[in-house]
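Novice: Questions regarding the structure given below will be posed in turn.
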Amino acid sequence: MSDKDLIGEDRRAVVIVASTRAARGTYPDRSGPILVDRLREWGFEVPDPIVVPDGDEFGRALRVALSSEPDLVLTSGGTGLTPTDLTPEMTAPLIDLIVPGVAEALRAAGIAKGVPTAMLSRGLTGLAGRTFVANLPGSRGAVVDALEVLEHVLAHILVQIPGSDHESA
């Protein structure tokens, strides 16, 4: 990708990491910095990742992020099967339009790379107002795989949201 083709040029993004242990300082967040670095490479204006515990605190952070109306919100973590993995449940009420194909492609990419547990991710993708939201798993590998998938469709997604690639009737 050349500099003239920056996906995020003149766009804002927010990264939220749902990890109770990282939020408590038990270990450092490893997925958020990967997301932020790549988004910045793509030209997005994006602050450092917001790291919060799973559950209600994640939901509050997501609502705050969406209130600032960024173009993109990527979340990491909380998409599995443990009792505290509530990212999809916190995201769903805020989504106006579900875009299931992107979530399906994210899972399929992991499976294709030989990670059968990728099918267990319950992450959602969709629009909250004019913001595209994607729930990604919390592992570094899954985040890298997800970015590879998103790189090929994100520019088109972001252009479609305001209707810019279609003639007005």
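By order of appearance in the structure tokens: chains A, B, ..., then residues from 1 within every chain, and ligands from 1 in the order shown.
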Based on the backbone DSSP call, show me all residues of range 56-156 of chain A assigned alpha helix (DSSP H), as a count of residues only.
Specialist: 47
Novice: Mind checking which residues fall within 8 Å of Leu127 in chain A, counting only C-alpha atoms, ignoring those fewer than 3 positions away in the same chain, and posting them as an MDAnalysis selection string?
Specialist: chainID A and resid 95:99 130:133
Novice: Print the selection's residues with N, CA, C and O atoms to a file, as a compact mmCIF listing (two decimals), in the first residue's frame.
Specialist:
```
# COMPACT_ATOMS: atom_id res chain seq x y z
N ILE A 95 -25.21 -1.62 17.97
CA ILE A 95 -25.09 -1.80 16.52
C ILE A 95 -26.45 -1.57 15.87
O ILE A 95 -27.45 -2.15 16.26
N ASP A 96 -26.45 -0.70 14.86
CA ASP A 96 -27.67 -0.40 14.10
C ASP A 96 -27.83 -1.33 12.89
O ASP A 96 -28.94 -1.61 12.46
N LEU A 97 -26.70 -1.75 12.34
CA LEU A 97 -26.71 -2.57 11.13
C LEU A 97 -25.60 -3.60 11.25
O LEU A 97 -24.42 -3.25 11.24
N ILE A 98 -25.96 -4.86 11.40
CA ILE A 98 -24.96 -5.92 11.51
C ILE A 98 -24.41 -6.21 10.11
O ILE A 98 -25.15 -6.25 9.13
N VAL A 99 -23.09 -6.39 10.04
CA VAL A 99 -22.41 -6.73 8.79
C VAL A 99 -21.73 -8.09 9.04
O VAL A 99 -20.54 -8.17 9.32
N ARG A 130 -22.63 6.03 12.11
CA ARG A 130 -21.73 6.04 10.94
C ARG A 130 -20.35 5.51 11.30
O ARG A 130 -19.37 5.81 10.62
N THR A 131 -20.29 4.75 12.38
CA THR A 131 -19.02 4.16 12.82
C THR A 131 -19.03 2.67 12.55
O THR A 131 -19.97 1.98 12.95
N PHE A 132 -17.97 2.18 11.89
CA PHE A 132 -17.84 0.75 11.70
C PHE A 132 -17.17 0.18 12.94
O PHE A 132 -16.13 0.67 13.38
N VAL A 133 -17.78 -0.86 13.50
CA VAL A 133 -17.27 -1.50 14.72
C VAL A 133 -16.95 -2.95 14.40
O VAL A 133 -17.76 -3.64 13.77
```
Novice: Give the answer as one residue: which of A:Leu136, A:Leu39, A:Val115, A:Ala103 has the shortest atom-to-atom distance to Asp71 in chain A, using only C-alpha atoms?
Specialist: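 Smallest separation from Asp71 in chain A among the options: A:Leu39.
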Novice: Find the distance between CA of Asn135 in chain A and CA of Ser76 in chain A and write it in Å to one decimal.
Specialist: 6.1 Å
Novice: Please provide as a PyMOL selection string all residues within 12 Å of Gly110 in chain A, with the sequence filter that same-chain residues fewer than 4 positions apart are discarded (counting only C-alpha atoms).
Specialist: chain A and resi 103-106+114-121+136-137+139-149
Novice: I need the residues in range 26-166 of chain A that are strand (DSSP E or B) according to DSSP; give them as a PyMOL selection string.
Specialist: chain A and resi 45+50-52+72-76+97-98+125-128+131-136
Novice: Pick from A:Pro47, A:Gly123, A:Gly129, A:Gly80: nearest to Arg107 in chain A, with only C-alpha atoms counted?
Specialist: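 With only C-alpha atoms as the atom set, the closest residue is A:Gly123.
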Novice: Show me, as a PDB file with all heavy atoms, in the first residue's frame, the residues that have an atom within 12 Å of range 19-25 of chain A when counting only C-alpha atoms, minus same-chain residues fewer than 3 positions from it.
Specialist:
```pdb
ATOM      1  N   ILE A  16     -10.270  -0.358  21.601  1.00  0.00           N
ATOM      2  CA  ILE A  16     -10.641  -0.699  22.978  1.00  0.00           C
ATOM      3  C   ILE A  16     -10.285  -2.162  23.209  1.00  0.00           C
ATOM      4  O   ILE A  16     -10.700  -3.031  22.437  1.00  0.00           O
ATOM      5  CB  ILE A  16     -12.140  -0.492  23.247  1.00  0.00           C
ATOM      6  CG1 ILE A  16     -12.560   0.939  22.907  1.00  0.00           C
ATOM      7  CG2 ILE A  16     -12.465  -0.819  24.712  1.00  0.00           C
ATOM      8  CD1 ILE A  16     -14.062   1.160  22.942  1.00  0.00           C
ATOM      9  N   PRO A  28       1.035  -6.930  30.462  1.00  0.00           N
ATOM     10  CA  PRO A  28       0.783  -5.817  29.535  1.00  0.00           C
ATOM     11  C   PRO A  28      -0.181  -6.211  28.420  1.00  0.00           C
ATOM     12  O   PRO A  28      -0.243  -7.370  28.015  1.00  0.00           O
ATOM     13  CB  PRO A  28       2.171  -5.512  28.966  1.00  0.00           C
ATOM     14  CG  PRO A  28       2.952  -6.763  29.131  1.00  0.00           C
ATOM     15  CD  PRO A  28       2.385  -7.469  30.354  1.00  0.00           C
ATOM     16  N   ASP A  29      -0.913  -5.232  27.948  1.00  0.00           N
ATOM     17  CA  ASP A  29      -1.773  -5.429  26.788  1.00  0.00           C
ATOM     18  C   ASP A  29      -0.870  -5.650  25.577  1.00  0.00           C
ATOM     19  O   ASP A  29       0.030  -4.866  25.320  1.00  0.00           O
ATOM     20  CB  ASP A  29      -2.660  -4.201  26.585  1.00  0.00           C
ATOM     21  CG  ASP A  29      -3.305  -4.169  25.222  1.00  0.00           C
ATOM     22  OD1 ASP A  29      -3.697  -5.247  24.737  1.00  0.00           O
ATOM     23  OD2 ASP A  29      -3.406  -3.076  24.651  1.00  0.00           O
ATOM     24  N   ARG A  30      -1.115  -6.713  24.849  1.00  0.00           N
ATOM     25  CA  ARG A  30      -0.291  -7.019  23.684  1.00  0.00           C
ATOM     26  C   ARG A  30      -1.014  -6.813  22.357  1.00  0.00           C
ATOM     27  O   ARG A  30      -0.372  -6.694  21.324  1.00  0.00           O
ATOM     28  CB  ARG A  30       0.228  -8.455  23.782  1.00  0.00           C
ATOM     29  CG  ARG A  30       1.222  -8.613  24.914  1.00  0.00           C
ATOM     30  CD  ARG A  30       1.754 -10.036  24.992  1.00  0.00           C
ATOM     31  NE  ARG A  30       2.710 -10.170  26.068  1.00  0.00           N
ATOM     32  CZ  ARG A  30       2.423 -10.572  27.292  1.00  0.00           C
ATOM     33  NH1 ARG A  30       1.182 -10.864  27.609  1.00  0.00           N
ATOM     34  NH2 ARG A  30       3.358 -10.679  28.200  1.00  0.00           N
ATOM     35  N   SER A  31      -2.329  -6.789  22.363  1.00  0.00           N
ATOM     36  CA  SER A  31      -3.050  -6.653  21.095  1.00  0.00           C
ATOM     37  C   SER A  31      -3.336  -5.200  20.730  1.00  0.00           C
ATOM     38  O   SER A  31      -3.285  -4.833  19.553  1.00  0.00           O
ATOM     39  CB  SER A  31      -4.348  -7.456  21.125  1.00  0.00           C
ATOM     40  OG  SER A  31      -5.224  -6.960  22.114  1.00  0.00           O
ATOM     41  N   GLY A  32      -3.627  -4.372  21.711  1.00  0.00           N
ATOM     42  CA  GLY A  32      -3.956  -2.970  21.444  1.00  0.00           C
ATOM     43  C   GLY A  32      -2.865  -2.225  20.688  1.00  0.00           C
ATOM     44  O   GLY A  32      -3.152  -1.544  19.691  1.00  0.00           O
ATOM     45  N   PRO A  49      -4.384   2.694  22.861  1.00  0.00           N
ATOM     46  CA  PRO A  49      -5.528   1.829  23.169  1.00  0.00           C
ATOM     47  C   PRO A  49      -6.112   2.097  24.547  1.00  0.00           C
ATOM     48  O   PRO A  49      -5.386   2.453  25.483  1.00  0.00           O
ATOM     49  CB  PRO A  49      -4.952   0.416  23.101  1.00  0.00           C
ATOM     50  CG  PRO A  49      -3.489   0.542  23.015  1.00  0.00           C
ATOM     51  CD  PRO A  49      -3.149   1.953  22.680  1.00  0.00           C
ATOM     52  N   ILE A  50      -7.406   1.927  24.629  1.00  0.00           N
ATOM     53  CA  ILE A  50      -8.123   2.016  25.899  1.00  0.00           C
ATOM     54  C   ILE A  50      -8.228   0.586  26.413  1.00  0.00           C
ATOM     55  O   ILE A  50      -8.781  -0.278  25.726  1.00  0.00           O
ATOM     56  CB  ILE A  50      -9.530   2.618  25.682  1.00  0.00           C
ATOM     57  CG1 ILE A  50      -9.416   4.029  25.111  1.00  0.00           C
ATOM     58  CG2 ILE A  50     -10.339   2.593  26.982  1.00  0.00           C
ATOM     59  CD1 ILE A  50     -10.692   4.535  24.474  1.00  0.00           C
ATOM     60  N   VAL A  51      -7.688   0.324  27.589  1.00  0.00           N
ATOM     61  CA  VAL A  51      -7.695  -1.030  28.147  1.00  0.00           C
ATOM     62  C   VAL A  51      -8.602  -1.046  29.362  1.00  0.00           C
ATOM     63  O   VAL A  51      -8.375  -0.295  30.323  1.00  0.00           O
ATOM     64  CB  VAL A  51      -6.270  -1.487  28.530  1.00  0.00           C
ATOM     65  CG1 VAL A  51      -6.283  -2.907  29.063  1.00  0.00           C
ATOM     66  CG2 VAL A  51      -5.327  -1.372  27.324  1.00  0.00           C
ATOM     67  N   VAL A  52      -9.636  -1.870  29.294  1.00  0.00           N
ATOM     68  CA  VAL A  52     -10.636  -1.941  30.359  1.00  0.00           C
ATOM     69  C   VAL A  52     -10.943  -3.395  30.691  1.00  0.00           C
ATOM     70  O   VAL A  52     -10.724  -4.279  29.871  1.00  0.00           O
ATOM     71  CB  VAL A  52     -11.940  -1.212  29.954  1.00  0.00           C
ATOM     72  CG1 VAL A  52     -11.717   0.281  29.792  1.00  0.00           C
ATOM     73  CG2 VAL A  52     -12.523  -1.810  28.689  1.00  0.00           C
ATOM     74  N   PRO A  53     -11.483  -3.637  31.879  1.00  0.00           N
ATOM     75  CA  PRO A  53     -11.917  -5.002  32.210  1.00  0.00           C
ATOM     76  C   PRO A  53     -13.077  -5.438  31.317  1.00  0.00           C
ATOM     77  O   PRO A  53     -13.817  -4.613  30.778  1.00  0.00           O
ATOM     78  CB  PRO A  53     -12.380  -4.895  33.671  1.00  0.00           C
ATOM     79  CG  PRO A  53     -11.731  -3.671  34.199  1.00  0.00           C
ATOM     80  CD  PRO A  53     -11.609  -2.728  33.030  1.00  0.00           C
ATOM     81  N   ASP A  54     -13.213  -6.746  31.182  1.00  0.00           N
ATOM     82  CA  ASP A  54     -14.340  -7.317  30.449  1.00  0.00           C
ATOM     83  C   ASP A  54     -15.657  -6.896  31.110  1.00  0.00           C
ATOM     84  O   ASP A  54     -15.696  -6.539  32.279  1.00  0.00           O
ATOM     85  CB  ASP A  54     -14.259  -8.851  30.483  1.00  0.00           C
ATOM     86  CG  ASP A  54     -13.102  -9.388  29.667  1.00  0.00           C
ATOM     87  OD1 ASP A  54     -13.127  -9.235  28.449  1.00  0.00           O
ATOM     88  OD2 ASP A  54     -12.181  -9.968  30.272  1.00  0.00           O
ATOM     89  N   GLY A  55     -16.727  -6.958  30.337  1.00  0.00           N
ATOM     90  CA  GLY A  55     -18.057  -6.739  30.890  1.00  0.00           C
ATOM     91  C   GLY A  55     -18.525  -5.301  30.837  1.00  0.00           C
ATOM     92  O   GLY A  55     -18.321  -4.605  29.850  1.00  0.00           O
ATOM     93  N   ASP A  56     -19.146  -4.858  31.927  1.00  0.00           N
ATOM     94  CA  ASP A  56     -19.781  -3.543  31.963  1.00  0.00           C
ATOM     95  C   ASP A  56     -18.815  -2.398  31.662  1.00  0.00           C
ATOM     96  O   ASP A  56     -19.185  -1.434  30.988  1.00  0.00           O
ATOM     97  CB  ASP A  56     -20.454  -3.303  33.315  1.00  0.00           C
ATOM     98  CG  ASP A  56     -21.677  -4.177  33.519  1.00  0.00           C
ATOM     99  OD1 ASP A  56     -22.267  -4.631  32.512  1.00  0.00           O
ATOM    100  OD2 ASP A  56     -22.044  -4.416  34.683  1.00  0.00           O
ATOM    101  N   GLU A  57     -17.593  -2.476  32.167  1.00  0.00           N
ATOM    102  CA  GLU A  57     -16.635  -1.393  31.912  1.00  0.00           C
ATOM    103  C   GLU A  57     -16.303  -1.307  30.430  1.00  0.00           C
ATOM    104  O   GLU A  57     -16.130  -0.214  29.882  1.00  0.00           O
ATOM    105  CB  GLU A  57     -15.384  -1.555  32.763  1.00  0.00           C
ATOM    106  CG  GLU A  57     -15.660  -1.244  34.228  1.00  0.00           C
ATOM    107  CD  GLU A  57     -14.403  -1.161  35.050  1.00  0.00           C
ATOM    108  OE1 GLU A  57     -13.514  -0.355  34.694  1.00  0.00           O
ATOM    109  OE2 GLU A  57     -14.307  -1.901  36.047  1.00  0.00           O
ATOM    110  N   PHE A  58     -16.220  -2.453  29.762  1.00  0.00           N
ATOM    111  CA  PHE A  58     -16.022  -2.440  28.318  1.00  0.00           C
ATOM    112  C   PHE A  58     -17.214  -1.745  27.651  1.00  0.00           C
ATOM    113  O   PHE A  58     -17.040  -0.899  26.772  1.00  0.00           O
ATOM    114  CB  PHE A  58     -15.863  -3.853  27.755  1.00  0.00           C
ATOM    115  CG  PHE A  58     -15.916  -3.863  26.260  1.00  0.00           C
ATOM    116  CD1 PHE A  58     -14.797  -3.546  25.515  1.00  0.00           C
ATOM    117  CD2 PHE A  58     -17.103  -4.145  25.601  1.00  0.00           C
ATOM    118  CE1 PHE A  58     -14.858  -3.506  24.125  1.00  0.00           C
ATOM    119  CE2 PHE A  58     -17.173  -4.108  24.216  1.00  0.00           C
ATOM    120  CZ  PHE A  58     -16.056  -3.790  23.477  1.00  0.00           C
ATOM    121  N   THR A  75     -12.223  -3.443  18.514  1.00  0.00           N
ATOM    122  CA  THR A  75     -12.100  -3.938  19.875  1.00  0.00           C
ATOM    123  C   THR A  75     -11.316  -5.239  19.837  1.00  0.00           C
ATOM    124  O   THR A  75     -11.300  -5.934  18.821  1.00  0.00           O
ATOM    125  CB  THR A  75     -13.467  -4.166  20.544  1.00  0.00           C
ATOM    126  OG1 THR A  75     -14.093  -5.326  19.993  1.00  0.00           O
ATOM    127  CG2 THR A  75     -14.364  -2.943  20.385  1.00  0.00           C
ATOM    128  N   SER A  76     -10.675  -5.546  20.936  1.00  0.00           N
ATOM    129  CA  SER A  76      -9.893  -6.770  21.045  1.00  0.00           C
ATOM    130  C   SER A  76     -10.211  -7.423  22.376  1.00  0.00           C
ATOM    131  O   SER A  76     -10.187  -6.762  23.414  1.00  0.00           O
ATOM    132  CB  SER A  76      -8.399  -6.426  20.952  1.00  0.00           C
ATOM    133  OG  SER A  76      -7.609  -7.551  21.198  1.00  0.00           O
ATOM    134  N   GLY A  77     -10.514  -8.711  22.321  1.00  0.00           N
ATOM    135  CA  GLY A  77     -10.769  -9.460  23.547  1.00  0.00           C
ATOM    136  C   GLY A  77     -12.236  -9.584  23.885  1.00  0.00           C
ATOM    137  O   GLY A  77     -13.088  -8.867  23.373  1.00  0.00           O
ATOM    138  N   GLY A  78     -12.517 -10.540  24.756  1.00  0.00           N
ATOM    139  CA  GLY A  78     -13.866 -10.727  25.264  1.00  0.00           C
ATOM    140  C   GLY A  78     -14.822 -11.396  24.306  1.00  0.00           C
ATOM    141  O   GLY A  78     -16.037 -11.319  24.484  1.00  0.00           O
ATOM    142  N   THR A  79     -14.302 -12.078  23.278  1.00  0.00           N
ATOM    143  CA  THR A  79     -15.189 -12.693  22.282  1.00  0.00           C
ATOM    144  C   THR A  79     -15.292 -14.204  22.416  1.00  0.00           C
ATOM    145  O   THR A  79     -15.933 -14.850  21.592  1.00  0.00           O
ATOM    146  CB  THR A  79     -14.704 -12.371  20.849  1.00  0.00           C
ATOM    147  OG1 THR A  79     -13.417 -12.952  20.653  1.00  0.00           O
ATOM    148  CG2 THR A  79     -14.666 -10.876  20.605  1.00  0.00           C
ATOM    149  N   GLY A  80     -14.676 -14.759  23.437  1.00  0.00           N
ATOM    150  CA  GLY A  80     -14.652 -16.215  23.606  1.00  0.00           C
ATOM    151  C   GLY A  80     -15.850 -16.752  24.361  1.00  0.00           C
ATOM    152  O   GLY A  80     -16.929 -16.157  24.377  1.00  0.00           O
ATOM    153  N   THR A  84     -16.810 -14.338  31.504  1.00  0.00           N
ATOM    154  CA  THR A  84     -16.559 -12.897  31.464  1.00  0.00           C
ATOM    155  C   THR A  84     -16.409 -12.357  30.050  1.00  0.00           C
ATOM    156  O   THR A  84     -16.270 -11.150  29.870  1.00  0.00           O
ATOM    157  CB  THR A  84     -15.295 -12.537  32.281  1.00  0.00           C
ATOM    158  OG1 THR A  84     -14.176 -13.221  31.713  1.00  0.00           O
ATOM    159  CG2 THR A  84     -15.471 -12.907  33.745  1.00  0.00           C
ATOM    160  N   ASP A  85     -16.423 -13.209  29.043  1.00  0.00           N
ATOM    161  CA  ASP A  85     -16.306 -12.770  27.647  1.00  0.00           C
ATOM    162  C   ASP A  85     -17.652 -12.216  27.182  1.00  0.00           C
ATOM    163  O   ASP A  85     -18.498 -12.944  26.646  1.00  0.00           O
ATOM    164  CB  ASP A  85     -15.871 -13.937  26.748  1.00  0.00           C
ATOM    165  CG  ASP A  85     -14.413 -14.282  26.909  1.00  0.00           C
ATOM    166  OD1 ASP A  85     -13.623 -13.407  27.300  1.00  0.00           O
ATOM    167  OD2 ASP A  85     -14.052 -15.440  26.627  1.00  0.00           O
ATOM    168  N   LEU A  86     -17.836 -10.923  27.378  1.00  0.00           N
ATOM    169  CA  LEU A  86     -19.129 -10.293  27.107  1.00  0.00           C
ATOM    170  C   LEU A  86     -19.070  -9.196  26.047  1.00  0.00           C
ATOM    171  O   LEU A  86     -20.014  -8.428  25.891  1.00  0.00           O
ATOM    172  CB  LEU A  86     -19.705  -9.721  28.402  1.00  0.00           C
ATOM    173  CG  LEU A  86     -19.990 -10.748  29.499  1.00  0.00           C
ATOM    174  CD1 LEU A  86     -20.418 -10.043  30.786  1.00  0.00           C
ATOM    175  CD2 LEU A  86     -21.053 -11.728  29.041  1.00  0.00           C
ATOM    176  N   THR A  87     -17.963  -9.128  25.312  1.00  0.00           N
ATOM    177  CA  THR A  87     -17.835  -8.077  24.303  1.00  0.00           C
ATOM    178  C   THR A  87     -18.992  -8.084  23.298  1.00  0.00           C
ATOM    179  O   THR A  87     -19.578  -7.025  23.048  1.00  0.00           O
ATOM    180  CB  THR A  87     -16.467  -8.169  23.606  1.00  0.00           C
ATOM    181  OG1 THR A  87     -15.454  -7.879  24.583  1.00  0.00           O
ATOM    182  CG2 THR A  87     -16.345  -7.199  22.453  1.00  0.00           C
ATOM    183  N   PRO A 137     -10.809 -11.036  18.336  1.00  0.00           N
ATOM    184  CA  PRO A 137     -10.324 -11.813  19.478  1.00  0.00           C
ATOM    185  C   PRO A 137      -9.133 -11.099  20.131  1.00  0.00           C
ATOM    186  O   PRO A 137      -8.547 -10.189  19.534  1.00  0.00           O
ATOM    187  CB  PRO A 137      -9.888 -13.139  18.859  1.00  0.00           C
ATOM    188  CG  PRO A 137     -10.620 -13.217  17.567  1.00  0.00           C
ATOM    189  CD  PRO A 137     -10.748 -11.796  17.089  1.00  0.00           C
ATOM    190  N   GLY A 138      -8.763 -11.542  21.305  1.00  0.00           N
ATOM    191  CA  GLY A 138      -7.712 -10.863  22.058  1.00  0.00           C
ATOM    192  C   GLY A 138      -6.296 -11.321  21.797  1.00  0.00           C
ATOM    193  O   GLY A 138      -5.356 -10.650  22.212  1.00  0.00           O
ATOM    194  N   SER A 139      -6.100 -12.414  21.093  1.00  0.00           N
ATOM    195  CA  SER A 139      -4.727 -12.895  20.900  1.00  0.00           C
ATOM    196  C   SER A 139      -4.004 -12.068  19.840  1.00  0.00           C
ATOM    197  O   SER A 139      -4.623 -11.560  18.899  1.00  0.00           O
ATOM    198  CB  SER A 139      -4.723 -14.371  20.503  1.00  0.00           C
ATOM    199  OG  SER A 139      -5.069 -14.520  19.148  1.00  0.00           O
TER     200      SER A 139
END
```
Novice: What's around range 6-15 of chain A at 9 Å? Count only C-alpha atoms, leave out sequence neighbours fewer than 4 positions away in its own chain, and write the answer as number ranges by chain.
Specialist: A: 1-2, 32-33, 35-36, 39-51, 65-66, 69-76, 151, 154-156, 158
Novice: May I have the selected residues written with C-alpha atoms, as a compact mmCIF listing (two decimals), in the first residue's frame?
Specialist:
```txt
# COMPACT_ATOMS: atom_id res chain seq x y z
CA MET A 1 0.00 0.00 0.00
CA SER A 2 1.44 3.38 -0.96
CA GLY A 32 -3.96 -2.97 21.44
CA PRO A 33 -0.54 -1.63 20.40
CA LEU A 35 -3.93 -2.41 16.28
CA VAL A 36 -2.97 1.19 16.99
CA LEU A 39 -4.12 1.97 12.05
CA ARG A 40 -1.57 4.79 12.26
CA GLU A 41 0.37 3.22 9.36
CA TRP A 42 -2.90 3.29 7.42
CA GLY A 43 -3.25 7.02 8.15
CA PHE A 44 -5.88 7.00 10.91
CA GLU A 45 -5.76 9.48 13.74
CA VAL A 46 -5.95 7.11 16.71
CA PRO A 47 -5.05 7.55 20.38
CA ASP A 48 -3.35 4.86 22.42
CA PRO A 49 -5.53 1.83 23.17
CA ILE A 50 -8.12 2.02 25.90
CA VAL A 51 -7.70 -1.03 28.15
CA ALA A 65 -15.93 5.98 22.13
CA LEU A 66 -19.01 5.89 19.91
CA GLU A 69 -18.36 9.49 16.33
CA PRO A 70 -15.07 8.04 15.04
CA ASP A 71 -15.03 6.39 11.65
CA LEU A 72 -13.84 3.09 13.09
CA VAL A 73 -13.77 1.26 16.42
CA LEU A 74 -11.76 -1.93 16.71
CA THR A 75 -12.10 -3.94 19.87
CA SER A 76 -9.89 -6.77 21.05
CA GLU A 151 -6.87 -4.17 4.99
CA LEU A 154 -11.86 -1.37 5.14
CA ALA A 155 -11.43 1.44 2.60
CA HIS A 156 -14.55 0.25 0.75
CA LEU A 158 -15.63 3.44 5.09
```
Novice: Take CA of Leu62 in chain A and CA of Thr91 in chain A and report the distance between them in Å, one decimal.
Specialist: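 CA of Thr91 in chain A lies 7.6 Å from CA of Leu62 in chain A.
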